[in-house]
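Here is structure-v7.txt, consisting of compact mmCIF, C-alpha atoms and all ligand atoms:
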# COMPACT_ATOMS: atom_id res chain seq x y z
CA MET A 1 0.00 0.00 0.00
CA SER A 2 1.08 3.58 -0.68
CA GLN A 3 3.03 5.22 2.14
CA HIS A 4 2.74 8.64 0.52
CA PRO A 5 -0.71 10.00 -0.32
CA VAL A 6 -1.06 11.71 -3.69
CA ARG A 7 -1.20 15.45 -3.02
CA ALA A 8 -0.65 17.12 -6.43
CA ALA A 9 -2.83 17.04 -9.52
CA VAL A 10 -2.10 18.28 -13.02
CA PHE A 11 -4.94 19.55 -15.20
CA PRO A 12 -3.83 19.91 -18.84
CA VAL A 13 -6.11 22.61 -20.24
CA ALA A 14 -3.98 24.04 -23.04
CA GLY A 15 -5.87 22.46 -25.96
CA ARG A 16 -7.57 24.62 -28.54
CA GLY A 17 -11.04 23.13 -28.15
CA THR A 18 -11.66 23.16 -31.91
CA ARG A 19 -14.80 21.05 -31.55
CA PHE A 20 -16.42 24.02 -29.82
CA LEU A 21 -15.46 26.68 -32.32
CA PRO A 22 -16.50 29.41 -32.81
CA VAL A 23 -17.18 30.00 -29.09
CA THR A 24 -13.69 28.80 -28.11
CA LYS A 25 -12.16 31.58 -30.17
CA SER A 26 -12.54 33.72 -27.07
CA VAL A 27 -13.91 31.45 -24.31
CA PRO A 28 -11.89 28.47 -23.03
CA LYS A 29 -13.93 25.29 -23.43
CA GLU A 30 -13.19 24.44 -19.79
CA VAL A 31 -15.28 27.39 -18.61
CA LEU A 32 -18.32 26.52 -20.72
CA PRO A 33 -21.09 26.00 -18.19
CA ILE A 34 -22.78 22.89 -16.96
CA VAL A 35 -25.85 24.49 -15.39
CA ASP A 36 -24.23 27.42 -13.53
CA ARG A 37 -20.67 26.21 -12.98
CA PRO A 38 -17.81 25.86 -15.44
CA CYS A 39 -16.95 22.32 -16.56
CA ILE A 40 -13.53 22.48 -14.92
CA GLU A 41 -15.02 23.09 -11.48
CA TYR A 42 -16.61 19.63 -11.47
CA VAL A 43 -13.20 18.06 -12.07
CA VAL A 44 -11.36 20.23 -9.53
CA THR A 45 -14.05 19.43 -6.97
CA GLU A 46 -13.49 15.72 -7.58
CA ALA A 47 -9.74 16.09 -6.99
CA VAL A 48 -10.17 18.13 -3.82
CA ALA A 49 -12.69 15.61 -2.46
CA ALA A 50 -10.01 12.94 -2.95
CA GLY A 51 -7.50 14.85 -0.81
CA ILE A 52 -5.58 16.69 -3.54
CA GLU A 53 -4.07 19.91 -2.17
CA GLN A 54 -2.03 21.24 -5.06
CA ILE A 55 -3.80 22.03 -8.33
CA VAL A 56 -1.56 22.74 -11.34
CA PHE A 57 -3.26 23.99 -14.51
CA VAL A 58 -1.26 23.69 -17.70
CA THR A 59 -2.70 26.57 -19.68
CA ALA A 60 -2.16 28.42 -22.93
CA GLU A 61 -2.73 31.93 -24.22
CA GLY A 62 -6.35 32.97 -23.92
CA LYS A 63 -7.12 30.79 -20.89
CA ASP A 64 -7.00 33.51 -18.21
CA ALA A 65 -10.72 33.20 -17.54
CA LEU A 66 -10.17 29.65 -16.35
CA VAL A 67 -7.48 30.51 -13.81
CA ASP A 68 -9.27 33.70 -12.71
CA TYR A 69 -12.31 31.61 -11.80
CA PHE A 70 -10.34 30.05 -8.92
CA ARG A 71 -8.82 33.32 -7.70
CA PRO A 72 -10.46 36.03 -5.56
CA ASN A 73 -12.40 38.84 -7.28
CA HIS A 74 -12.45 41.56 -4.62
CA ASP A 75 -14.61 44.01 -6.59
CA LEU A 76 -17.31 41.41 -7.14
CA GLU A 77 -17.15 40.30 -3.50
CA ALA A 78 -17.52 43.90 -2.29
CA TYR A 79 -20.50 44.42 -4.62
CA LEU A 80 -22.25 41.22 -3.48
CA GLU A 81 -21.66 42.15 0.15
CA ALA A 82 -22.96 45.70 -0.32
CA THR A 83 -26.09 44.47 -2.09
CA GLY A 84 -26.79 41.68 0.38
CA LYS A 85 -26.39 38.87 -2.17
CA ASN A 86 -25.00 36.57 0.48
CA VAL A 87 -25.67 33.22 -1.17
CA ALA A 88 -23.81 34.25 -4.31
CA LEU A 89 -21.03 35.72 -2.17
CA SER A 90 -20.47 32.52 -0.25
CA GLN A 91 -20.61 30.48 -3.47
CA ILE A 92 -17.80 32.43 -5.12
CA GLN A 93 -15.73 32.46 -1.92
CA GLU A 94 -16.15 28.72 -1.57
CA VAL A 95 -14.65 28.12 -5.01
CA VAL A 96 -11.57 30.19 -4.12
CA ARG A 97 -11.18 28.44 -0.76
CA MET A 98 -11.45 25.02 -2.37
CA ALA A 99 -7.84 24.89 -3.49
CA GLU A 100 -4.76 26.92 -4.21
CA VAL A 101 -4.15 26.86 -7.94
CA ILE A 102 -0.91 27.28 -9.83
CA ALA A 103 -0.83 27.95 -13.57
CA VAL A 104 2.04 26.99 -15.85
CA ARG A 105 2.18 27.53 -19.59
CA GLN A 106 2.36 25.20 -22.55
CA ASP A 107 3.33 27.60 -25.32
CA LEU A 108 2.91 25.10 -28.16
CA ALA A 109 0.21 22.42 -28.15
CA LEU A 110 2.64 19.53 -28.63
CA GLY A 111 0.41 16.86 -27.15
CA LEU A 112 -0.90 15.67 -23.81
CA GLY A 113 2.45 14.27 -22.65
CA HIS A 114 4.16 17.58 -23.41
CA ALA A 115 1.41 19.45 -21.56
CA VAL A 116 1.87 17.30 -18.45
CA LEU A 117 5.65 17.73 -18.62
CA GLN A 118 5.24 21.52 -18.23
CA ALA A 119 4.08 20.84 -14.64
CA LYS A 120 7.33 19.10 -13.66
CA GLU A 121 8.84 22.00 -11.68
CA ALA A 122 5.57 22.81 -9.93
CA VAL A 123 4.90 19.20 -8.87
CA GLY A 124 8.47 18.08 -8.22
CA ASP A 125 9.68 14.64 -7.23
CA GLN A 126 6.46 12.97 -6.08
CA ASP A 127 3.75 10.70 -7.49
CA PHE A 128 0.92 12.82 -8.90
CA ALA A 129 -2.54 12.71 -10.45
CA VAL A 130 -3.60 13.86 -13.92
CA LEU A 131 -7.24 14.76 -14.61
CA LEU A 132 -8.59 15.67 -18.03
CA GLY A 133 -11.22 18.36 -17.92
CA ASP A 134 -13.21 16.84 -20.79
CA ASP A 135 -14.10 13.81 -18.70
CA ILE A 136 -16.56 14.61 -15.95
CA ILE A 137 -17.34 11.69 -13.67
CA ASP A 138 -20.36 11.81 -11.41
CA ALA A 139 -19.64 9.36 -8.62
CA GLU A 140 -20.41 8.88 -4.94
CA ARG A 141 -16.71 8.39 -4.21
CA PRO A 142 -14.46 10.68 -6.28
CA ALA A 143 -13.16 8.68 -9.24
CA ILE A 144 -9.55 9.86 -8.79
CA GLY A 145 -9.78 8.75 -5.14
CA GLN A 146 -10.91 5.30 -6.28
CA LEU A 147 -7.67 5.08 -8.30
CA MET A 148 -5.66 5.83 -5.16
CA GLU A 149 -7.20 2.97 -3.18
CA GLY A 150 -4.87 0.00 -2.83
CA ARG A 151 -2.13 1.66 -4.89
CA ARG A 152 1.53 1.14 -4.08
CA ASP A 153 4.10 3.95 -4.30
CA GLY A 154 5.65 4.05 -7.76
CA GLN A 155 2.67 2.36 -9.38
CA ALA A 156 0.67 3.99 -12.17
CA VAL A 157 -3.12 3.65 -12.18
CA VAL A 158 -5.35 4.47 -15.15
CA ALA A 159 -9.13 4.76 -15.01
CA LEU A 160 -10.97 2.14 -17.03
CA MET A 161 -14.52 2.10 -18.32
CA GLU A 162 -16.24 -0.87 -19.98
CA VAL A 163 -17.52 0.16 -23.41
CA PRO A 164 -19.54 -1.72 -26.03
CA ARG A 165 -17.25 -3.65 -28.37
CA ALA A 166 -18.51 -1.59 -31.31
CA ASP A 167 -17.13 1.58 -29.65
CA THR A 168 -13.52 0.50 -29.05
CA ARG A 169 -12.38 2.54 -32.05
CA LYS A 170 -13.16 5.75 -30.12
CA TYR A 171 -10.79 5.00 -27.20
CA GLY A 172 -7.42 3.85 -26.01
CA VAL A 173 -8.00 0.24 -24.93
CA CYS A 174 -6.02 -1.82 -22.40
CA ALA A 175 -4.66 -5.33 -22.71
CA GLY A 176 -3.69 -7.28 -19.62
CA THR A 177 -4.68 -9.73 -16.92
CA MET A 178 -7.76 -9.22 -14.75
CA LEU A 179 -6.82 -9.32 -11.05
CA SER A 180 -10.50 -8.95 -10.10
CA PRO A 181 -13.63 -7.97 -12.05
CA THR A 182 -12.63 -4.29 -11.66
CA ARG A 183 -8.83 -4.37 -11.61
CA MET A 184 -6.42 -5.16 -14.43
CA ALA A 185 -2.67 -5.61 -14.51
CA VAL A 186 -2.13 -3.61 -17.69
CA GLU A 187 0.41 -5.01 -20.12
CA ALA A 188 -0.21 -2.81 -23.15
CA MET A 189 -2.44 -0.11 -24.56
CA VAL A 190 -3.85 0.02 -28.07
CA GLU A 191 -5.05 3.30 -29.57
CA LYS A 192 -8.52 3.22 -31.15
CA PRO A 193 -8.62 -0.45 -32.21
CA LEU A 194 -11.31 -1.83 -34.51
CA PRO A 195 -13.73 -4.05 -32.51
CA GLU A 196 -12.29 -7.21 -34.08
CA ASN A 197 -8.73 -6.23 -33.06
CA ALA A 198 -9.48 -4.84 -29.60
CA PRO A 199 -7.70 -6.78 -26.84
CA SER A 200 -10.54 -5.99 -24.39
CA ASN A 201 -13.46 -3.61 -24.04
CA PHE A 202 -11.82 -1.69 -21.17
CA ALA A 203 -11.26 1.88 -22.38
CA ILE A 204 -9.01 4.47 -20.73
CA VAL A 205 -10.71 7.66 -19.56
CA GLY A 206 -9.02 10.85 -18.38
CA ARG A 207 -7.86 10.01 -14.85
CA TYR A 208 -4.35 8.87 -14.04
CA ILE A 209 -2.06 8.45 -11.05
CA LEU A 210 1.54 8.56 -12.23
CA PRO A 211 4.84 7.86 -10.49
CA ALA A 212 7.55 10.52 -10.18
CA ASP A 213 9.77 8.83 -12.80
CA THR A 214 7.13 9.71 -15.42
CA TRP A 215 8.93 13.06 -15.75
CA SER A 216 12.16 11.52 -17.02
CA ARG A 217 10.21 9.27 -19.38
CA LEU A 218 8.37 12.24 -20.86
CA GLU A 219 11.66 14.12 -21.21
CA ALA A 220 13.22 11.20 -23.04
CA THR A 221 10.24 11.07 -25.40
CA GLN A 222 10.65 14.76 -26.01
CA ALA A 223 14.26 14.33 -27.08
CA GLY A 224 13.41 11.78 -29.73
CA ALA A 225 10.09 12.78 -31.17
CA GLY A 226 9.38 15.29 -33.91
CA GLY A 227 5.62 15.44 -33.42
CA GLU A 228 3.35 15.24 -30.42
CA ILE A 229 4.51 13.83 -27.08
CA GLN A 230 1.94 11.29 -25.96
CA LEU A 231 1.27 10.51 -22.33
CA THR A 232 0.42 6.93 -23.32
CA ASP A 233 4.00 6.37 -24.55
CA ALA A 234 5.32 7.01 -21.03
CA ILE A 235 2.58 4.83 -19.48
CA ALA A 236 3.36 2.04 -21.98
CA GLN A 237 6.96 1.99 -20.68
CA LEU A 238 5.68 1.59 -17.13
CA ALA A 239 3.30 -1.16 -18.28
CA ALA A 240 6.23 -3.04 -19.78
CA GLN A 241 7.74 -3.03 -16.25
CA GLY A 242 4.50 -4.38 -14.74
CA ARG A 243 3.80 -1.09 -12.95
CA VAL A 244 0.40 -0.14 -14.38
CA ILE A 245 -2.97 -0.99 -12.87
CA GLY A 246 -6.26 -0.35 -14.66
CA GLN A 247 -9.07 0.41 -12.24
CA VAL A 248 -12.70 0.28 -13.32
CA PHE A 249 -14.37 3.10 -11.39
CA ASP A 250 -17.89 3.34 -10.01
CA GLY A 251 -19.64 6.34 -11.47
CA GLU A 252 -21.06 7.82 -14.66
CA ARG A 253 -18.69 9.47 -17.10
CA PHE A 254 -19.61 12.37 -19.37
CA ASP A 255 -17.49 13.34 -22.36
CA THR A 256 -17.85 17.11 -22.38
CA GLY A 257 -15.28 17.60 -25.14
CA ASN A 258 -18.03 17.65 -27.77
CA VAL A 259 -21.27 19.58 -28.07
CA VAL A 260 -23.72 16.69 -27.57
CA GLY A 261 -21.71 15.37 -24.61
CA LEU A 262 -21.79 18.78 -22.94
CA LEU A 263 -25.57 19.02 -23.46
CA ARG A 264 -25.98 15.52 -21.97
CA ALA A 265 -23.94 16.50 -18.91
CA SER A 266 -25.93 19.73 -18.56
CA LEU A 267 -29.24 17.85 -18.54
CA HIS A 268 -27.91 15.22 -16.13
CA PHE A 269 -26.71 17.76 -13.56
CA ALA A 270 -29.76 19.99 -14.01
CA LEU A 271 -32.06 17.01 -13.35
CA LYS A 272 -30.15 16.33 -10.12
CA ARG A 273 -30.92 19.83 -8.84
CA PRO A 274 -34.14 19.92 -6.78
CA ASP A 275 -34.68 23.57 -7.73
CA LEU A 276 -34.43 22.83 -11.47
CA LYS A 277 -35.64 19.26 -11.91
CA ASP A 278 -39.34 19.90 -12.61
CA ALA A 279 -38.69 22.79 -14.94
CA VAL A 280 -36.09 20.85 -16.92
CA GLN A 281 -38.27 17.74 -17.15
CA GLY A 282 -41.10 19.91 -18.46
CA LEU A 283 -38.73 21.46 -20.96
CA ILE A 284 -37.56 18.06 -22.23
CA HIS A 285 -41.16 16.87 -22.71
CA GLU A 286 -42.13 20.03 -24.48
CA MET A 287 -39.13 19.88 -26.83
CA ALA A 288 -39.60 16.16 -27.52
CA SER A 289 -43.23 16.64 -28.57
CA ARG A 290 -42.45 19.29 -31.18
P1 LIG B 1 -8.17 17.08 -26.74
O1 LIG B 1 -7.52 16.93 -28.05
O2 LIG B 1 -9.36 16.24 -26.45
O3 LIG B 1 -8.62 18.59 -26.51
O4 LIG B 1 -7.10 16.90 -25.56
P2 LIG B 1 -8.54 19.87 -27.42
O5 LIG B 1 -7.35 19.83 -28.30
O6 LIG B 1 -8.64 21.04 -26.52
O7 LIG B 1 -9.92 19.79 -28.18
P3 LIG B 1 -10.32 19.67 -29.71
O8 LIG B 1 -10.07 18.23 -30.07
O9 LIG B 1 -9.50 20.63 -30.49
O10 LIG B 1 -11.78 20.04 -29.71
C1 LIG B 1 -7.39 16.30 -24.31
C2 LIG B 1 -6.96 17.21 -23.18
O11 LIG B 1 -5.57 17.49 -23.27
C3 LIG B 1 -5.31 18.87 -23.27
C4 LIG B 1 -6.62 19.52 -23.72
O12 LIG B 1 -6.75 20.82 -23.17
C5 LIG B 1 -7.67 18.56 -23.20
O13 LIG B 1 -8.01 18.86 -21.85
N1 LIG B 1 -4.16 19.14 -24.16
C6 LIG B 1 -4.06 18.49 -25.35
C7 LIG B 1 -3.20 20.04 -23.77
O14 LIG B 1 -3.28 20.65 -22.68
N2 LIG B 1 -2.13 20.26 -24.60
C8 LIG B 1 -2.00 19.62 -25.79
O15 LIG B 1 -0.99 19.86 -26.49
C9 LIG B 1 -2.99 18.72 -26.17
Step by step, read the file and then write its structure as structure tokens.
Amino acid sequence: MSQHPVRAAVFPVAGRGTRFLPVTKSVPKEVLPIVDRPCIEYVVTEAVAAGIEQIVFVTAEGKDALVDYFRPNHDLEAYLEATGKNVALSQIQEVVRMAEVIAVRQDLALGLGHAVLQAKEAVGDQDFAVLLGDDIIDAERPAIGQLMEGRRDGQAVVALMEVPRADTRKYGVCAGTMLSPTRMAVEAMVEKPLPENAPSNFAIVGRYILPADTWSRLEATQAGAGGEIQLTDAIAQLAAQGRVIGQVFDGERFDTGNVVGLLRASLHFALKRPDLKDAVQGLIHEMASR
């Protein structure tokens, strides 16, 4: 079992979000709302609930709105206080109190592995988590916390989700030996296999715990490669050493990286809100009968 709890989490948010153009020309996709909170807040909340204390955003030009969301806005606070809008005031203060955020830059979008590598100095020599903002997981126990359970120091853990065979071509898929119905000793990963070639129907979603030596592996990849630096290349090296566990998590995952997925997440979370549920159900019925 791990002697050292995972305390730092990296959130790569430097992508261009082209699937949401034109809005992402000026608004980072991570701050697009699900009901009345930006997408990224759901993921940060998950990390904090799992005991993460250090949040490192890997950002790019034009993403200030994302980082600002987690920092104090004294003018707004003074206005809300003066006008007696106390609920709103405590809501915005709560977000700031949730975690201390650090932002580092990825100047060129050279891939997910390269984005994570930009957090090396901020995180330092410790095992760390990576959470992708496009994957929102609604779960009773935070999904990233489920990956920490039963983990040994130096081990990597990737989140797995069972998908229909026909859908394997949309995901990275793991090959390995099942240690239990929800736990796999991962031996290899295959990118977007056709159903007939897929080694399993366990797909990787955007939650990882990575050991500190991931940094040197990413750096070595950087030296050799001309194109993008893939996080999966570094994880594949760890898998070859028998150091990667795939953990099937309890919870529902929403892919908010595309328009329909974001709408689905919005409806799901709106229907969970007692103050919105009836109105949203009525809306869905009305729209469906058009
Ligand atoms: P995606 O490719 O899904 O996101 O990367 P994107 O590039 O922002 O979106 P589209 O495809 O153009 O619509 C997965 C995650 O990795 C981050 C993205 O921000 C996203 O959270 N990422 C990707 C980086 O931070 N840097 C990169 O170089 C690539």
- prompt: ligand LIG 1 (chain B): which residues are within 9 Å, counting only C-alpha atoms and all ligand atoms, as a PyMOL selection string?
  reply: chain A and resi 11-21+28-30+57-60+106-116+131-135+206+228-230+257-258
query: CA of Gly176 (chain A) and CA of Arg253 (chain A) are how many Å apart?
result: 22.6 Å
Atomic separation - CA of Ile102 (chain A) relative to CA of Pro5 (chain A), Å: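 Atom-to-atom, CA of Pro5 (chain A) to CA of Ile102 (chain A), that is 19.7 Å.
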query: In Å, how far is it from CA of Arg165 (chain A) to CA of Ser200 (chain A)?
result: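 Distance reported for this atom pair: 8.1 Å.
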field: Residue nearest Glu252 (chain A) - candidates A:Leu231, A:Val205, A:Ile137, A:Met184, atoms counted: only C-alpha atoms
entry: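 Of A:Leu231, A:Val205, A:Ile137, A:Met184, the one nearest Glu252 (chain A) is A:Ile137, counting only C-alpha atoms.
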field: Nearest-residue call for Arg105 (chain A), choices A:Asp75, A:Glu61, A:Glu53, A:Glu219, using only C-alpha atoms
entry: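 Counting only C-alpha atoms, the residue closest to Arg105 (chain A) is A:Glu61.
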task: Considering all atoms listed in the file, state which residue in the set A:Gln126, A:Thr45, A:Thr182, A:Gln241 is at the smallest distance from Arg141 (chain A).
output: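 Counting all atoms listed in the file, the residue closest to Arg141 (chain A) is A:Thr45.
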- prompt: Ala236 (chain A): which residues within 12 Å, counting only C-alpha atoms, same-chain residues fewer than 6 positions away excluded, as a PyMOL selection string?
  reply: chain A and resi 156-158+172-176+186-191+210+214+217-218+221+230+242-245
Output as JSON the centre and edge lengths (Å, one decimal) of the box along x, y and z of the file that holds every listed atom of region 129-146 of chain A after adding 6 Å on each side.
{"center_x": -11.5, "center_y": 11.8, "center_z": -12.5, "size_x": 29.9, "size_y": 25.1, "size_z": 28.6}
- request: Return the single residue from A:Trp215, A:Pro33, A:Val248, A:Val95 that is closest to Gln118 (chain A), with distances computed using all atoms listed in the file.
  value: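 For Gln118 (chain A), the nearest of the given residues is A:Trp215.
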- prompt: With all atoms listed in the file as the atoms that count, which of A:Tyr69, A:Phe128, A:Tyr42, A:Phe269 lies nearest to Val101 (chain A)?
  reply: A:Tyr69
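Proximity to Arg273 (chain A) was assessed for A:Ala47, A:Val35, A:Leu66, A:Ala9 counting only C-alpha atoms; the smallest distance is recorded for A:Val35.
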What's around Ala203 (chain A) at 9 Å? Count only C-alpha atoms, leave out sequence neighbours fewer than 6 positions away in its own chain, and write the answer as a PDB file with C-alpha atoms, in the coordinates of the input.
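Now in result-v8.pdb:
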ATOM      1  CA  ALA A 159      -9.130   4.760 -15.010  1.00  0.00           C
ATOM      2  CA  LEU A 160     -10.970   2.140 -17.030  1.00  0.00           C
ATOM      3  CA  MET A 161     -14.520   2.100 -18.320  1.00  0.00           C
ATOM      4  CA  GLU A 162     -16.240  -0.870 -19.980  1.00  0.00           C
ATOM      5  CA  VAL A 163     -17.520   0.160 -23.410  1.00  0.00           C
ATOM      6  CA  THR A 168     -13.520   0.500 -29.050  1.00  0.00           C
ATOM      7  CA  LYS A 170     -13.160   5.750 -30.120  1.00  0.00           C
ATOM      8  CA  TYR A 171     -10.790   5.000 -27.200  1.00  0.00           C
ATOM      9  CA  GLY A 172      -7.420   3.850 -26.010  1.00  0.00           C
ATOM     10  CA  VAL A 173      -8.000   0.240 -24.930  1.00  0.00           C
ATOM     11  CA  CYS A 174      -6.020  -1.820 -22.400  1.00  0.00           C
TER      12      CYS A 174
END
Any chance you could build region 116-125 of chain A out to all heavy atoms and write it as a PDB file, in the coordinates of the input?
ATOM      1  N   VAL A 116       1.620  17.766 -19.820  1.00  0.00           N
ATOM      2  CA  VAL A 116       1.870  17.300 -18.450  1.00  0.00           C
ATOM      3  C   VAL A 116       3.295  17.634 -18.028  1.00  0.00           C
ATOM      4  O   VAL A 116       3.539  18.085 -16.896  1.00  0.00           O
ATOM      5  CB  VAL A 116       1.589  15.772 -18.345  1.00  0.00           C
ATOM      6  CG1 VAL A 116       2.034  15.222 -16.993  1.00  0.00           C
ATOM      7  CG2 VAL A 116       0.101  15.491 -18.555  1.00  0.00           C
ATOM      8  N   LEU A 117       4.238  17.482 -18.939  1.00  0.00           N
ATOM      9  CA  LEU A 117       5.650  17.730 -18.620  1.00  0.00           C
ATOM     10  C   LEU A 117       5.892  19.180 -18.153  1.00  0.00           C
ATOM     11  O   LEU A 117       6.790  19.439 -17.360  1.00  0.00           O
ATOM     12  CB  LEU A 117       6.516  17.399 -19.846  1.00  0.00           C
ATOM     13  CG  LEU A 117       8.027  17.505 -19.701  1.00  0.00           C
ATOM     14  CD1 LEU A 117       8.553  16.676 -18.532  1.00  0.00           C
ATOM     15  CD2 LEU A 117       8.716  17.071 -21.002  1.00  0.00           C
ATOM     16  N   GLN A 118       5.063  20.112 -18.631  1.00  0.00           N
ATOM     17  CA  GLN A 118       5.240  21.520 -18.230  1.00  0.00           C
ATOM     18  C   GLN A 118       5.004  21.712 -16.722  1.00  0.00           C
ATOM     19  O   GLN A 118       5.380  22.723 -16.148  1.00  0.00           O
ATOM     20  CB  GLN A 118       4.297  22.458 -19.013  1.00  0.00           C
ATOM     21  CG  GLN A 118       4.350  22.313 -20.526  1.00  0.00           C
ATOM     22  CD  GLN A 118       5.777  22.228 -21.059  1.00  0.00           C
ATOM     23  OE1 GLN A 118       6.584  23.132 -20.845  1.00  0.00           O
ATOM     24  NE2 GLN A 118       6.098  21.120 -21.744  1.00  0.00           N
ATOM     25  N   ALA A 119       4.373  20.722 -16.076  1.00  0.00           N
ATOM     26  CA  ALA A 119       4.080  20.840 -14.640  1.00  0.00           C
ATOM     27  C   ALA A 119       5.189  20.254 -13.774  1.00  0.00           C
ATOM     28  O   ALA A 119       5.073  20.221 -12.545  1.00  0.00           O
ATOM     29  CB  ALA A 119       2.754  20.143 -14.330  1.00  0.00           C
ATOM     30  N   LYS A 120       6.273  19.815 -14.411  1.00  0.00           N
ATOM     31  CA  LYS A 120       7.330  19.100 -13.660  1.00  0.00           C
ATOM     32  C   LYS A 120       7.876  19.930 -12.486  1.00  0.00           C
ATOM     33  O   LYS A 120       7.953  19.441 -11.359  1.00  0.00           O
ATOM     34  CB  LYS A 120       8.463  18.736 -14.624  1.00  0.00           C
ATOM     35  CG  LYS A 120       9.595  18.013 -13.927  1.00  0.00           C
ATOM     36  CD  LYS A 120      10.778  17.790 -14.871  1.00  0.00           C
ATOM     37  CE  LYS A 120      11.974  17.332 -14.047  1.00  0.00           C
ATOM     38  NZ  LYS A 120      13.228  17.443 -14.751  1.00  0.00           N
ATOM     39  N   GLU A 121       8.245  21.175 -12.752  1.00  0.00           N
ATOM     40  CA  GLU A 121       8.840  22.000 -11.680  1.00  0.00           C
ATOM     41  C   GLU A 121       7.838  22.227 -10.556  1.00  0.00           C
ATOM     42  O   GLU A 121       8.182  22.190  -9.372  1.00  0.00           O
ATOM     43  CB  GLU A 121       9.305  23.363 -12.225  1.00  0.00           C
ATOM     44  CG  GLU A 121      10.404  23.281 -13.279  1.00  0.00           C
ATOM     45  CD  GLU A 121      11.634  22.533 -12.771  1.00  0.00           C
ATOM     46  OE1 GLU A 121      12.010  22.748 -11.608  1.00  0.00           O
ATOM     47  OE2 GLU A 121      12.165  21.700 -13.541  1.00  0.00           O
ATOM     48  N   ALA A 122       6.600  22.494 -10.933  1.00  0.00           N
ATOM     49  CA  ALA A 122       5.570  22.810  -9.930  1.00  0.00           C
ATOM     50  C   ALA A 122       5.267  21.593  -9.047  1.00  0.00           C
ATOM     51  O   ALA A 122       5.058  21.730  -7.846  1.00  0.00           O
ATOM     52  CB  ALA A 122       4.299  23.286 -10.624  1.00  0.00           C
ATOM     53  N   VAL A 123       5.262  20.417  -9.626  1.00  0.00           N
ATOM     54  CA  VAL A 123       4.900  19.200  -8.870  1.00  0.00           C
ATOM     55  C   VAL A 123       6.111  18.635  -8.143  1.00  0.00           C
ATOM     56  O   VAL A 123       6.027  18.229  -6.984  1.00  0.00           O
ATOM     57  CB  VAL A 123       4.278  18.142  -9.820  1.00  0.00           C
ATOM     58  CG1 VAL A 123       4.102  16.806  -9.100  1.00  0.00           C
ATOM     59  CG2 VAL A 123       2.942  18.629 -10.363  1.00  0.00           C
ATOM     60  N   GLY A 124       7.251  18.599  -8.835  1.00  0.00           N
ATOM     61  CA  GLY A 124       8.470  18.080  -8.220  1.00  0.00           C
ATOM     62  C   GLY A 124       8.495  16.564  -8.153  1.00  0.00           C
ATOM     63  O   GLY A 124       7.732  15.869  -8.830  1.00  0.00           O
ATOM     64  N   ASP A 125       9.360  16.063  -7.269  1.00  0.00           N
ATOM     65  CA  ASP A 125       9.680  14.640  -7.230  1.00  0.00           C
ATOM     66  C   ASP A 125       8.676  13.873  -6.341  1.00  0.00           C
ATOM     67  O   ASP A 125       9.000  13.471  -5.228  1.00  0.00           O
ATOM     68  CB  ASP A 125      11.109  14.497  -6.688  1.00  0.00           C
ATOM     69  CG  ASP A 125      11.574  13.056  -6.731  1.00  0.00           C
ATOM     70  OD1 ASP A 125      11.042  12.293  -7.546  1.00  0.00           O
ATOM     71  OD2 ASP A 125      12.452  12.700  -5.922  1.00  0.00           O
TER      72      ASP A 125
END
